[in-house]
>>> print(open('final_31.txt').read())   # compact mmCIF, C-alpha atoms
# COMPACT_ATOMS: atom_id res chain seq x y z
CA MET A 16 -42.49 27.72 -4.86
CA ALA A 17 -39.54 27.48 -2.47
CA GLU A 18 -36.18 28.05 -4.09
CA LYS A 19 -34.12 24.88 -4.51
CA LEU A 20 -30.91 25.08 -2.46
CA ILE A 21 -27.54 23.34 -2.47
CA HIS A 22 -26.31 22.39 0.98
CA LEU A 23 -22.53 22.50 1.44
CA LYS A 24 -20.42 21.59 4.49
CA ILE A 25 -16.96 23.00 3.99
CA THR A 26 -13.94 22.30 6.17
CA ARG A 27 -12.20 25.64 6.48
CA GLN A 28 -8.92 26.81 7.89
CA ASP A 29 -7.90 30.46 8.18
CA SER A 30 -4.13 30.03 8.05
CA PRO A 31 -1.60 27.19 7.64
CA ASN A 32 -1.30 26.70 11.40
CA SER A 33 -4.78 27.47 12.70
CA ALA A 34 -7.33 24.82 13.62
CA PRO A 35 -9.79 23.66 10.94
CA TYR A 36 -13.54 24.17 11.43
CA VAL A 37 -16.67 23.32 9.46
CA GLU A 38 -18.90 25.99 7.99
CA GLU A 39 -22.20 25.27 6.26
CA PHE A 40 -23.58 27.09 3.24
CA LYS A 41 -26.89 27.03 1.43
CA ILE A 42 -26.73 28.46 -2.05
CA PRO A 43 -29.34 28.74 -4.80
CA TYR A 44 -29.45 25.82 -7.24
CA ARG A 45 -28.76 26.27 -10.92
CA PRO A 46 -28.84 23.39 -13.41
CA ASN A 47 -25.53 21.78 -14.54
CA MET A 48 -23.48 23.31 -11.72
CA ASN A 49 -20.15 21.87 -10.64
CA VAL A 50 -18.44 22.26 -7.26
CA ILE A 51 -16.36 25.18 -8.59
CA GLY A 52 -19.59 26.92 -9.62
CA ALA A 53 -20.94 26.48 -6.10
CA LEU A 54 -17.72 27.91 -4.63
CA MET A 55 -17.96 30.89 -7.02
CA GLU A 56 -21.51 31.47 -5.78
CA ILE A 57 -20.17 31.63 -2.19
CA GLN A 58 -17.44 34.00 -3.37
CA ARG A 59 -20.12 36.27 -4.88
CA ASN A 60 -22.24 36.24 -1.75
CA PRO A 61 -20.20 35.08 1.27
CA VAL A 62 -23.04 34.35 3.68
CA ASN A 63 -23.17 31.05 5.60
CA ALA A 64 -26.21 28.86 6.31
CA GLN A 65 -26.97 30.84 9.49
CA GLY A 66 -27.25 33.99 7.39
CA GLN A 67 -24.05 35.51 8.81
CA LYS A 68 -21.55 37.30 6.62
CA THR A 69 -18.30 35.35 6.43
CA SER A 70 -15.06 35.34 4.48
CA PRO A 71 -15.34 33.78 1.03
CA VAL A 72 -14.01 30.21 0.78
CA ASN A 73 -10.55 29.97 -0.71
CA TRP A 74 -9.79 27.34 -3.38
CA GLU A 75 -7.57 26.80 -6.41
CA SER A 76 -8.61 26.09 -9.98
CA ASN A 77 -7.44 26.83 -13.49
CA CYS A 78 -8.53 24.88 -16.54
CA LEU A 79 -12.01 23.71 -15.43
CA GLU A 80 -11.73 20.68 -17.74
CA GLU A 81 -9.78 18.18 -15.63
CA VAL A 82 -6.36 18.62 -17.20
CA CYS A 83 -4.50 21.01 -14.89
CA GLY A 84 -4.82 19.24 -11.55
CA ALA A 85 -5.20 22.40 -9.46
CA CYS A 86 -8.70 21.95 -8.03
CA SER A 87 -8.17 18.61 -6.22
CA MET A 88 -10.13 18.38 -2.98
CA VAL A 89 -11.91 15.77 -0.91
CA ILE A 90 -15.54 15.75 -2.02
CA ASN A 91 -17.91 13.58 0.02
CA GLY A 92 -14.91 11.64 1.34
CA LYS A 93 -13.26 11.03 -2.03
CA PRO A 94 -10.29 12.99 -3.37
CA ARG A 95 -11.08 14.22 -6.88
CA GLN A 96 -11.22 17.27 -9.14
CA ALA A 97 -13.81 19.86 -8.14
CA CYS A 98 -14.34 20.95 -11.77
CA SER A 99 -15.59 17.53 -12.88
CA ALA A 100 -17.66 17.00 -9.71
CA LEU A 101 -21.19 17.81 -10.83
CA ILE A 102 -23.64 18.96 -8.17
CA ASP A 103 -26.48 16.89 -9.68
CA LYS A 104 -24.46 13.72 -9.19
CA LEU A 105 -23.45 14.39 -5.57
CA GLU A 106 -25.28 13.42 -2.43
CA GLN A 107 -26.23 16.39 -0.26
CA PRO A 108 -25.07 17.86 2.02
CA ILE A 109 -21.92 18.03 -0.07
CA ARG A 110 -18.84 17.78 2.15
CA LEU A 111 -15.80 19.65 0.88
CA GLU A 112 -12.46 19.17 2.63
CA PRO A 113 -8.89 20.03 1.67
CA MET A 114 -6.56 17.12 0.79
CA SER A 115 -4.95 17.15 4.21
CA THR A 116 -2.08 14.85 3.20
CA PHE A 117 -0.61 18.13 1.95
CA PRO A 118 -0.02 21.26 4.06
CA VAL A 119 -3.25 23.29 3.99
CA GLN A 120 -2.64 26.92 3.02
CA ARG A 121 -6.13 28.23 3.53
CA ASP A 122 -9.58 26.56 3.36
CA LEU A 123 -9.44 24.23 0.36
CA SER A 124 -6.14 25.33 -1.12
CA ILE A 125 -3.14 23.18 -0.38
CA ASP A 126 0.59 23.25 -1.04
CA ARG A 127 1.55 20.51 -3.49
CA SER A 128 5.28 21.40 -3.54
CA ARG A 129 6.25 17.94 -2.31
CA MET A 130 5.05 16.53 -5.64
CA PHE A 131 7.33 18.82 -7.60
CA ASP A 132 10.18 17.97 -5.24
CA ALA A 133 9.48 14.30 -5.93
CA LEU A 134 9.60 14.88 -9.70
CA LYS A 135 12.93 16.65 -9.25
CA ARG A 136 14.20 13.80 -7.12
CA VAL A 137 13.44 11.13 -9.72
CA LYS A 138 14.62 13.42 -12.56
CA ALA A 139 11.30 13.24 -14.38
CA TRP A 140 12.51 14.96 -17.53
CA ILE A 141 14.63 14.25 -20.60
CA PRO A 142 17.93 16.13 -20.64
CA ILE A 143 18.53 17.31 -24.21
CA ASP A 144 20.12 20.70 -23.68
CA GLY A 145 23.69 20.99 -24.89
CA THR A 146 26.09 23.40 -26.52
CA HIS A 147 25.48 22.18 -30.06
CA ASP A 148 22.74 20.54 -32.09
CA LEU A 149 22.75 16.80 -31.44
CA GLY A 150 20.42 16.08 -34.33
CA PRO A 151 17.16 14.13 -34.15
CA GLY A 152 16.81 11.52 -31.40
CA PRO A 153 15.91 7.86 -31.90
CA ARG A 154 12.37 7.11 -33.04
CA MET A 155 9.75 5.70 -30.72
CA PRO A 156 7.65 2.68 -31.76
CA GLU A 157 4.00 3.60 -32.22
CA VAL A 158 2.69 0.92 -29.85
CA GLU A 159 4.91 2.26 -27.08
CA ARG A 160 3.91 5.82 -27.81
CA GLN A 161 0.27 4.85 -27.30
CA TRP A 162 0.63 3.66 -23.74
CA ALA A 163 3.29 6.27 -22.93
CA TYR A 164 0.67 8.84 -23.85
CA GLU A 165 -1.61 7.40 -21.15
CA LEU A 166 1.15 7.87 -18.56
CA SER A 167 1.82 11.39 -19.80
CA LYS A 168 -1.73 12.39 -18.82
CA CYS A 169 -0.56 12.80 -15.19
CA MET A 170 -1.38 16.34 -14.09
CA THR A 171 0.32 16.23 -10.65
CA CYS A 172 -3.09 16.71 -9.03
CA GLY A 173 -2.17 14.83 -5.85
CA VAL A 174 -5.25 12.60 -5.71
CA CYS A 175 -3.11 9.42 -5.69
CA LEU A 176 -1.10 10.72 -2.73
CA GLU A 177 -4.26 11.58 -0.79
CA ALA A 178 -5.66 8.08 -1.51
CA CYS A 179 -2.45 6.23 -0.61
CA PRO A 180 -2.34 4.92 2.98
CA ASN A 181 1.46 4.99 2.88
CA VAL A 182 1.71 8.71 2.14
CA ASN A 183 1.36 10.47 5.48
CA GLN A 184 3.21 12.43 8.13
CA LYS A 185 5.04 9.30 9.31
CA SER A 186 6.49 8.40 5.91
CA ASP A 187 8.50 10.16 3.22
CA PHE A 188 7.04 8.10 0.35
CA ILE A 189 7.22 10.13 -2.88
CA GLY A 190 3.88 8.73 -4.05
CA PRO A 191 2.56 6.62 -6.94
CA PHE A 192 2.61 9.36 -9.60
CA ALA A 193 6.40 9.86 -9.41
CA ILE A 194 7.03 6.14 -9.95
CA SER A 195 4.79 6.18 -13.01
CA GLN A 196 6.66 9.21 -14.34
CA VAL A 197 9.94 7.29 -14.07
CA ARG A 198 8.39 4.56 -16.21
CA LEU A 199 7.31 7.19 -18.74
CA PHE A 200 10.72 8.84 -19.06
CA ASN A 201 12.70 5.58 -18.84
CA GLN A 202 10.97 4.05 -21.80
CA HIS A 203 11.34 7.14 -23.97
CA PRO A 204 14.21 6.38 -26.40
CA THR A 205 16.13 9.53 -25.45
CA GLY A 206 15.09 9.45 -21.78
CA ALA A 207 16.32 5.85 -21.54
CA MET A 208 19.88 7.14 -21.89
CA ASN A 209 19.66 8.36 -18.28
CA LYS A 210 17.45 5.64 -16.89
CA HIS A 211 19.93 4.47 -14.24
CA GLU A 212 19.76 7.90 -12.58
CA ARG A 213 16.00 7.61 -12.18
CA LEU A 214 16.23 4.01 -10.96
CA GLU A 215 18.82 5.04 -8.37
CA ALA A 216 16.45 7.77 -7.18
CA LEU A 217 13.57 5.28 -6.90
CA MET A 218 15.73 3.04 -4.72
CA GLU A 219 16.41 5.74 -2.16
CA ASP A 220 14.45 6.13 1.10
CA GLY A 221 10.85 7.10 0.40
CA GLY A 222 11.10 5.54 -3.05
CA ILE A 223 9.44 2.54 -4.60
CA GLY A 224 10.14 0.33 -1.57
CA ASP A 225 7.49 2.21 0.40
CA CYS A 226 4.61 1.09 -1.84
CA GLY A 227 2.33 -1.23 0.15
CA ASN A 228 0.09 -2.36 -2.73
CA SER A 229 -3.19 -1.06 -1.39
CA GLN A 230 -3.92 -0.13 -5.03
CA ASN A 231 -6.01 2.88 -4.02
CA CYS A 232 -4.02 5.10 -6.38
CA VAL A 233 -5.18 3.37 -9.55
CA GLN A 234 -8.80 3.51 -8.33
CA ALA A 235 -8.59 7.19 -7.43
CA CYS A 236 -6.62 8.56 -10.41
CA PRO A 237 -8.94 10.95 -12.30
CA LYS A 238 -6.98 10.34 -15.52
CA GLY A 239 -7.23 6.55 -15.32
CA ILE A 240 -3.44 6.11 -15.39
CA PRO A 241 -2.43 2.45 -14.78
CA LEU A 242 -0.39 3.44 -11.72
CA THR A 243 -0.17 -0.03 -10.16
CA THR A 244 1.06 -1.48 -13.45
CA SER A 245 3.72 1.23 -13.56
CA ILE A 246 4.73 0.49 -9.97
CA ALA A 247 4.98 -3.28 -10.55
CA HIS A 248 6.94 -2.63 -13.75
CA MET A 249 9.36 -0.35 -11.90
CA ASN A 250 9.61 -2.99 -9.16
CA LYS A 251 10.91 -5.34 -11.82
CA GLU A 252 13.27 -2.72 -13.27
CA THR A 253 14.71 -1.74 -9.87
CA THR A 254 15.18 -5.41 -8.97
CA LYS A 255 17.07 -6.06 -12.23
CA TYR A 256 19.11 -2.91 -11.73
CA ALA A 257 19.94 -3.75 -8.09
CA VAL A 258 21.11 -7.24 -9.05
CA LYS A 259 23.22 -5.88 -11.92
CA ARG A 260 24.73 -3.18 -9.73
CA PHE A 261 25.58 -5.69 -7.00
CA PHE A 262 27.19 -8.32 -9.21
CA PHE A 263 28.64 -6.43 -12.15
CA SER A 264 29.79 -3.02 -10.96
CA MET B 14 15.28 2.35 10.63
CA ALA B 15 18.67 2.79 9.06
CA LYS B 16 18.81 5.71 6.65
CA GLY B 17 19.28 4.91 2.99
CA HIS B 18 18.43 1.22 3.26
CA SER B 19 14.67 1.39 2.92
CA PHE B 20 14.63 -0.28 -0.53
CA LEU B 21 16.93 -3.10 0.55
CA SER B 22 15.07 -3.62 3.84
CA HIS B 23 11.69 -3.77 2.11
CA ARG B 24 12.96 -6.28 -0.43
CA LEU B 25 14.65 -8.37 2.25
CA HIS B 26 11.43 -8.28 4.28
CA SER B 27 9.46 -9.51 1.28
CA LEU B 28 12.00 -12.21 0.40
CA LEU B 29 12.44 -13.58 3.93
CA GLY B 30 8.67 -13.75 4.40
CA LEU B 31 8.57 -16.42 1.71
CA PHE B 32 12.06 -17.92 1.82
CA PRO B 33 12.63 -19.36 4.36
CA VAL B 34 9.81 -18.30 6.74
CA GLY B 35 6.91 -19.22 4.44
CA LEU B 36 8.50 -22.51 3.45
CA PHE B 37 9.08 -23.28 7.12
CA LEU B 38 5.39 -22.64 7.80
CA LEU B 39 4.38 -25.13 5.10
CA PHE B 40 6.86 -27.67 6.42
CA HIS B 41 5.72 -27.13 10.01
CA LEU B 42 2.01 -27.50 9.25
CA THR B 43 2.44 -30.59 7.07
CA ALA B 44 4.65 -32.17 9.75
CA ASN B 45 1.92 -31.43 12.29
CA TYR B 46 -0.60 -32.97 9.92
CA GLN B 47 0.99 -36.33 10.79
CA ALA B 48 -0.88 -36.03 14.09
CA THR B 49 -4.08 -36.87 12.21
CA ARG B 50 -2.62 -40.39 11.86
CA GLY B 51 -2.25 -40.73 15.59
CA PRO B 52 0.19 -39.71 18.35
CA GLU B 53 2.82 -42.27 17.29
CA ALA B 54 3.02 -40.94 13.76
CA PHE B 55 3.48 -37.39 15.08
CA ASN B 56 6.10 -38.39 17.64
CA GLU B 57 7.98 -40.21 14.91
CA VAL B 58 8.17 -37.04 12.78
CA VAL B 59 9.30 -35.00 15.80
CA GLY B 60 11.98 -37.58 16.50
CA LEU B 61 13.13 -37.46 12.89
CA ILE B 62 13.46 -33.66 12.95
CA GLU B 63 15.29 -33.68 16.27
CA HIS B 64 17.95 -35.97 14.84
CA VAL B 65 18.87 -33.53 12.09
CA PRO B 66 22.56 -32.61 12.63
CA PHE B 67 23.32 -29.00 13.63
CA LEU B 68 19.59 -28.51 14.26
CA ILE B 69 20.12 -25.50 16.52
CA VAL B 70 22.22 -23.74 13.84
CA LEU B 71 19.62 -24.48 11.15
CA GLU B 72 16.86 -23.22 13.44
CA PHE B 73 18.63 -19.93 14.02
CA VAL B 74 19.72 -19.35 10.43
CA PHE B 75 16.56 -20.48 8.68
CA ILE B 76 13.86 -19.75 11.25
CA TYR B 77 14.58 -17.50 14.24
CA ILE B 78 16.71 -14.79 12.65
CA PRO B 79 14.60 -14.41 9.46
CA ILE B 80 11.38 -14.32 11.52
CA LEU B 81 12.86 -11.78 13.89
CA PHE B 82 13.88 -9.46 11.04
CA HIS B 83 10.55 -9.95 9.28
CA ALA B 84 8.70 -9.19 12.53
CA VAL B 85 10.67 -6.11 13.57
CA TYR B 86 10.60 -4.53 10.12
CA GLY B 87 6.99 -5.62 9.71
CA ILE B 88 5.92 -3.73 12.82
CA TYR B 89 7.64 -0.64 11.42
CA ILE B 90 5.76 -1.04 8.11
CA ALA B 91 2.44 -1.81 9.80
CA PHE B 92 2.50 1.32 11.94
CA GLN B 93 3.60 3.56 9.12
CA ALA B 94 0.31 3.23 7.25
CA LYS B 95 -2.67 5.51 7.75
CA HIS B 96 -5.54 3.20 6.94
CA ASN B 97 -8.46 4.53 4.92
CA VAL B 98 -10.76 1.60 4.12
CA GLY B 99 -13.61 3.92 5.12
CA SER B 100 -13.11 6.04 2.00
CA PHE B 101 -11.53 3.34 -0.19
CA SER B 102 -13.29 0.08 0.47
CA GLN B 103 -12.12 -1.88 -2.56
CA PHE B 104 -10.72 -5.38 -2.13
CA ARG B 105 -6.99 -4.63 -2.31
CA ASN B 106 -7.17 -1.86 0.27
CA GLN B 107 -9.02 -4.23 2.62
CA MET B 108 -6.27 -6.79 2.03
CA PHE B 109 -3.66 -4.08 2.72
CA LEU B 110 -5.28 -3.54 6.13
CA TRP B 111 -5.70 -7.27 6.82
CA GLN B 112 -2.10 -8.03 5.89
CA ARG B 113 -0.98 -5.60 8.59
CA LEU B 114 -3.57 -6.75 11.15
CA THR B 115 -2.78 -10.44 10.67
CA GLY B 116 0.92 -9.63 10.82
CA ILE B 117 0.49 -8.26 14.34
CA ILE B 118 -1.83 -11.12 15.41
CA THR B 119 0.60 -13.66 13.97
CA LEU B 120 3.49 -12.08 15.83
CA ILE B 121 1.61 -12.32 19.14
CA PHE B 122 0.60 -15.89 18.36
CA ILE B 123 4.11 -17.01 17.38
CA ALA B 124 5.64 -15.31 20.42
CA TRP B 125 3.23 -17.19 22.67
CA HIS B 126 3.66 -20.45 20.74
CA VAL B 127 7.47 -20.28 21.03
CA PHE B 128 7.19 -19.39 24.71
CA GLU B 129 4.94 -22.42 25.30
CA THR B 130 6.87 -25.00 23.27
CA ARG B 131 10.47 -24.02 22.53
CA ILE B 132 11.33 -22.43 25.89
CA PRO B 133 10.20 -25.55 27.85
CA LYS B 134 12.19 -27.63 25.35
CA ALA B 135 15.29 -25.55 26.03
CA MET B 136 14.66 -26.17 29.75
CA GLY B 137 14.64 -29.91 29.12
CA ALA B 138 11.00 -30.76 28.44
CA GLU B 139 10.26 -33.28 25.69
CA VAL B 140 8.40 -32.09 22.60
CA ASN B 141 5.78 -34.67 21.73
CA TYR B 142 2.09 -35.25 21.09
CA ASP B 143 1.23 -34.96 24.78
CA MET B 144 2.78 -31.51 25.05
CA MET B 145 0.45 -30.11 22.39
CA ALA B 146 -2.53 -32.10 23.64
CA ASN B 147 -1.91 -30.54 27.03
CA ILE B 148 -1.75 -27.01 25.61
CA LEU B 149 -4.93 -27.56 23.61
CA SER B 150 -6.87 -28.97 26.56
CA SER B 151 -8.50 -25.61 27.28
CA PRO B 152 -11.17 -24.14 24.99
CA VAL B 153 -9.59 -20.68 25.23
CA MET B 154 -6.33 -22.06 23.84
CA ILE B 155 -8.18 -23.86 21.04
CA ILE B 156 -9.76 -20.56 19.94
CA PHE B 157 -6.43 -18.74 20.32
CA TYR B 158 -4.63 -21.37 18.23
CA ALA B 159 -7.36 -21.45 15.58
CA ILE B 160 -7.19 -17.64 15.19
CA GLY B 161 -3.40 -17.81 15.25
CA ILE B 162 -3.22 -20.47 12.54
CA LEU B 163 -5.77 -18.74 10.29
CA SER B 164 -4.03 -15.40 10.75
CA THR B 165 -0.60 -16.87 9.98
CA VAL B 166 -1.83 -18.69 6.90
CA PHE B 167 -3.66 -15.59 5.63
CA HIS B 168 -0.55 -13.46 6.13
CA PHE B 169 1.48 -16.08 4.27
CA SER B 170 -0.98 -16.45 1.36
CA ASN B 171 -1.61 -12.76 0.84
CA GLY B 172 2.11 -12.23 1.35
CA ILE B 173 2.77 -14.38 -1.72
CA TRP B 174 0.55 -12.02 -3.69
CA SER B 175 2.54 -9.00 -2.45
CA PHE B 176 5.81 -10.80 -3.08
CA LEU B 177 4.84 -11.32 -6.72
CA VAL B 178 4.16 -7.59 -7.13
CA HIS B 179 7.16 -6.40 -5.10
CA TRP B 180 9.53 -8.40 -7.25
CA GLY B 181 7.85 -7.37 -10.48
CA ILE B 182 6.60 -10.86 -11.37
CA THR B 183 2.89 -10.04 -11.68
CA VAL B 184 2.87 -6.65 -13.38
CA GLY B 185 -0.45 -6.15 -15.18
CA PRO B 186 -3.93 -6.17 -13.59
CA ARG B 187 -4.86 -9.53 -15.16
CA SER B 188 -1.91 -11.47 -13.75
CA GLN B 189 -2.45 -9.76 -10.40
CA ARG B 190 -6.10 -10.80 -10.37
CA ILE B 191 -5.23 -14.41 -11.16
CA ALA B 192 -2.57 -14.29 -8.43
CA THR B 193 -5.35 -13.22 -6.03
CA TYR B 194 -7.38 -16.33 -6.89
CA VAL B 195 -4.37 -18.62 -6.60
CA THR B 196 -3.18 -17.18 -3.27
CA MET B 197 -6.68 -17.34 -1.81
CA GLY B 198 -6.77 -20.99 -2.92
CA ILE B 199 -3.50 -21.49 -1.06
CA PHE B 200 -5.10 -19.86 1.98
CA VAL B 201 -8.00 -22.32 1.96
CA ILE B 202 -5.84 -25.42 1.42
CA VAL B 203 -3.12 -24.54 3.94
CA SER B 204 -5.73 -23.43 6.51
CA PHE B 205 -7.38 -26.83 6.13
CA ILE B 206 -4.06 -28.60 6.76
CA GLY B 207 -3.26 -26.39 9.74
CA LEU B 208 -6.67 -26.65 11.38
CA SER B 209 -6.96 -30.42 10.86
CA ALA B 210 -3.53 -30.81 12.44
CA MET B 211 -4.70 -28.75 15.40
CA ALA B 212 -7.93 -30.75 15.69
CA ALA B 213 -5.88 -33.95 15.93
CA PHE B 214 -4.41 -32.75 19.23
CA ILE B 215 -7.81 -32.09 20.80
CA GLN B 216 -8.87 -35.05 22.88
>>> encode(input="final_31.txt", output="structure tokens")
Amino acid sequence: MAEKLIHLKITRQDSPNSAPYVEEFKIPYRPNMNVIGALMEIQRNPVNAQGQKTSPVNWESNCLEEVCGACSMVINGKPRQACSALIDKLEQPIRLEPMSTFPVQRDLSIDRSRMFDALKRVKAWIPIDGTHDLGPGPRMPEVERQWAYELSKCMTCGVCLEACPNVNQKSDFIGPFAISQVRLFNQHPTGAMNKHERLEALMEDGGIGDCGNSQNCVQACPKGIPLTTSIAHMNKETTKYAVKRFFFS
Amino acid sequence: MAKGHSFLSHRLHSLLGLFPVGLFLLFHLTANYQATRGPEAFNEVVGLIEHVPFLIVLEFVFIYIPILFHAVYGIYIAFQAKHNVGSFSQFRNQMFLWQRLTGIITLIFIAWHVFETRIPKAMGAEVNYDMMANILSSPVMIIFYAIGILSTVFHFSNGIWSFLVHWGITVGPRSQRIATYVTMGIFVIVSFIGLSAMAAFIQ
């Protein structure tokens, strides 16, 4: 009986500035494999479909349970996590591409620094450090905690940026995830004490104004975060803040 | 575009699209609808509008300048997007593409429409039923106007949907879905008014 094979077409790139090319691989099938497993197989035996020895494909991954966000790549045209992409559920040949909205480092690994810069820009944290103990903060209502928890599932994976038509080389849009993080930290009872700083940051160039409502982000988000609801909510908050700032300060 | 004003420009773009440009569109199409009652009825409406005091000032403040800003900033927005309906074919992404496409078509249509009607008027021609009947005497122009009207009305209707999101009025998915139904209803009704008005000029 002929051995069952998995056919992969991988878009590769040797260095950040070199031209991408496609290399095909045929690897032996094992039940319950995911895309990471297939890439590990190539790493073990780096031979392409033509039988030539090649360099192993480079990729990033950590947790392998869809919580770290490191293994995002474009699989059969859709940006998603490679760890939760099961071979049995994918149409072959399986096309693997890097999320090219980000600078490609090598093969499938990309540089997601712009996301961390965006989080810094919108101050997506709660400042509590001081020189003395400030005591316990205000309590958070349970109903709010429940939906805030949903927003806190964001793992900075970059899938929403890859899906968004307004995140590209021509725009400096920070991306849907950062707007949702502002909502998360602004509704936290302690975080709310600095909410104007985050709203100001959202109203800068590349901020919330650049959202074009294609709503791809909410469809693509692997964690099911209600990104478009967050964006519309922050639209309301920035509008209120802008009006207040104009008339009362 | 001016640095640091992206938020304000986007909001202004969204606001002007509805007030006054969208309201003007509704007013314009319903006024044209008078043509379905015959040339005299239409000419009467035109006469009424032309007797509004300070008309030229009103036209510039409420029509030309807002449209110009909306158009220029709209082109900037339209060409900033990298469309991906191939990978993301869901409804809203299609609408995202169509909003930008119809924006460009509408701009071309309005530019031509102004060139054909307002420029001759400024040169001394009289705006009346015969002027439009003349323009719509060729089948090519009828198709061009039909596409132009549909494109404008689509851009307006879907623009209301975007306006509601941009200003944080429809926040959750349910209200946004209902807004989709309502705005598409507006598209059908206003298209009917616009196209029947156009048909009244075809002899």
>>> residues_around(input="final_31.txt", residues="region 24-34 of chain B", least_positions_apart="4", cutoff="12 Å", atoms="all atoms listed in the file", output="PyMOL selection string")
(chain A and resi 218+223-227+250-251+253-254+257-258) or (chain B and resi 18-20+38-41+71-90+116+165-166+168-181)
>>> interface_residues(input="final_31.txt", of="chain B", to="chain A", cutoff="10 Å", atoms="all atoms listed in the file", output="PyMOL selection string")
chain B and resi 15-24+90-110+112+174-175+177-186+189
>>> atom_distance(input="final_31.txt", atom1="CA of Arg136 (chain A)", atom2="CA of Glu80 (chain A)")
28.9 Å
>>> residues_around(input="final_31.txt", residues="Ala64 (chain A)", least_positions_apart="3", cutoff="7 Å", atoms="all atoms listed in the file", output="PyMOL selection string")
chain A and resi 39-41
>>> residues_around(input="final_31.txt", residues="region 116-123 of chain A", least_positions_apart="4", cutoff="12 Å", atoms="all atoms listed in the file", output="ChimeraX atom specification")
/A:24-38,50-51,54,70-76,85-90,94,96-97,110-112,127-130,172-188,190 /B:95
>>> residues_around(input="final_31.txt", residues="Gly60 (chain B)", least_positions_apart="2", cutoff="12 Å", atoms="only C-alpha atoms", output="list in words")
Ala44, Glu53, Ala54, Phe55, Asn56, Glu57, Val58, Ile62, Glu63, His64, Val65, Glu139, Val140, Asn141 and Tyr142 of chain B
>>> atom_distance(input="final_31.txt", atom1="CA of Asn77 (chain A)", atom2="CA of Val62 (chain A)")
24.4 Å
>>> closest_residue(input="final_31.txt", among="B:Phe214, B:Phe37, B:Phe200, B:Phe128", to="Phe167 (chain B)", atoms="only C-alpha atoms")
B:Phe200
>>> atom_distance(input="final_31.txt", atom1="CA of Phe192 (chain A)", atom2="CA of Lys168 (chain A)")
10.6 Å
>>> residues_around(input="final_31.txt", residues="Asn201 (chain A)", least_positions_apart="4", cutoff="9 Å", atoms="all atoms listed in the file", output="list in words")
Ala139, Gln196, Val197, Thr205, Gly206, Ala207, Met208, Asn209, Lys210, His211, Arg213 and Leu214 of chain A
>>> decode(input="final_31.txt", residues="region 36-48 of chain B", atoms="N, CA and C atoms", output="PDB file, in the first residue's frame")
ATOM      1  N   LEU B  36     -28.592  64.826   2.873  1.00  0.00           N
ATOM      2  CA  LEU B  36     -29.903  65.488   2.885  1.00  0.00           C
ATOM      3  C   LEU B  36     -30.158  66.188   1.555  1.00  0.00           C
ATOM      4  N   PHE B  37     -29.105  66.801   0.997  1.00  0.00           N
ATOM      5  CA  PHE B  37     -29.247  67.441  -0.305  1.00  0.00           C
ATOM      6  C   PHE B  37     -29.655  66.428  -1.371  1.00  0.00           C
ATOM      7  N   LEU B  38     -29.037  65.238  -1.308  1.00  0.00           N
ATOM      8  CA  LEU B  38     -29.369  64.192  -2.281  1.00  0.00           C
ATOM      9  C   LEU B  38     -30.866  63.854  -2.208  1.00  0.00           C
ATOM     10  N   LEU B  39     -31.368  63.676  -0.986  1.00  0.00           N
ATOM     11  CA  LEU B  39     -32.792  63.349  -0.812  1.00  0.00           C
ATOM     12  C   LEU B  39     -33.665  64.477  -1.374  1.00  0.00           C
ATOM     13  N   PHE B  40     -33.278  65.703  -1.050  1.00  0.00           N
ATOM     14  CA  PHE B  40     -34.024  66.862  -1.507  1.00  0.00           C
ATOM     15  C   PHE B  40     -34.012  66.933  -3.036  1.00  0.00           C
ATOM     16  N   HIS B  41     -32.828  66.719  -3.602  1.00  0.00           N
ATOM     17  CA  HIS B  41     -32.636  66.801  -5.049  1.00  0.00           C
ATOM     18  C   HIS B  41     -33.486  65.748  -5.776  1.00  0.00           C
ATOM     19  N   LEU B  42     -33.444  64.513  -5.286  1.00  0.00           N
ATOM     20  CA  LEU B  42     -34.170  63.438  -5.964  1.00  0.00           C
ATOM     21  C   LEU B  42     -35.688  63.603  -5.822  1.00  0.00           C
ATOM     22  N   THR B  43     -36.136  64.061  -4.657  1.00  0.00           N
ATOM     23  CA  THR B  43     -37.588  64.250  -4.503  1.00  0.00           C
ATOM     24  C   THR B  43     -38.065  65.431  -5.350  1.00  0.00           C
ATOM     25  N   ALA B  44     -37.213  66.470  -5.441  1.00  0.00           N
ATOM     26  CA  ALA B  44     -37.570  67.606  -6.312  1.00  0.00           C
ATOM     27  C   ALA B  44     -37.684  67.119  -7.755  1.00  0.00           C
ATOM     28  N   ASN B  45     -36.719  66.291  -8.172  1.00  0.00           N
ATOM     29  CA  ASN B  45     -36.757  65.751  -9.532  1.00  0.00           C
ATOM     30  C   ASN B  45     -38.000  64.894  -9.754  1.00  0.00           C
ATOM     31  N   TYR B  46     -38.450  64.253  -8.667  1.00  0.00           N
ATOM     32  CA  TYR B  46     -39.585  63.349  -8.772  1.00  0.00           C
ATOM     33  C   TYR B  46     -40.822  64.092  -9.279  1.00  0.00           C
ATOM     34  N   GLN B  47     -40.842  65.415  -9.094  1.00  0.00           N
ATOM     35  CA  GLN B  47     -41.943  66.232  -9.606  1.00  0.00           C
ATOM     36  C   GLN B  47     -42.106  66.061 -11.115  1.00  0.00           C
ATOM     37  N   ALA B  48     -41.002  65.697 -11.779  1.00  0.00           N
ATOM     38  CA  ALA B  48     -41.052  65.530 -13.234  1.00  0.00           C
ATOM     39  C   ALA B  48     -42.026  64.427 -13.638  1.00  0.00           C
TER      40      ALA B  48
END
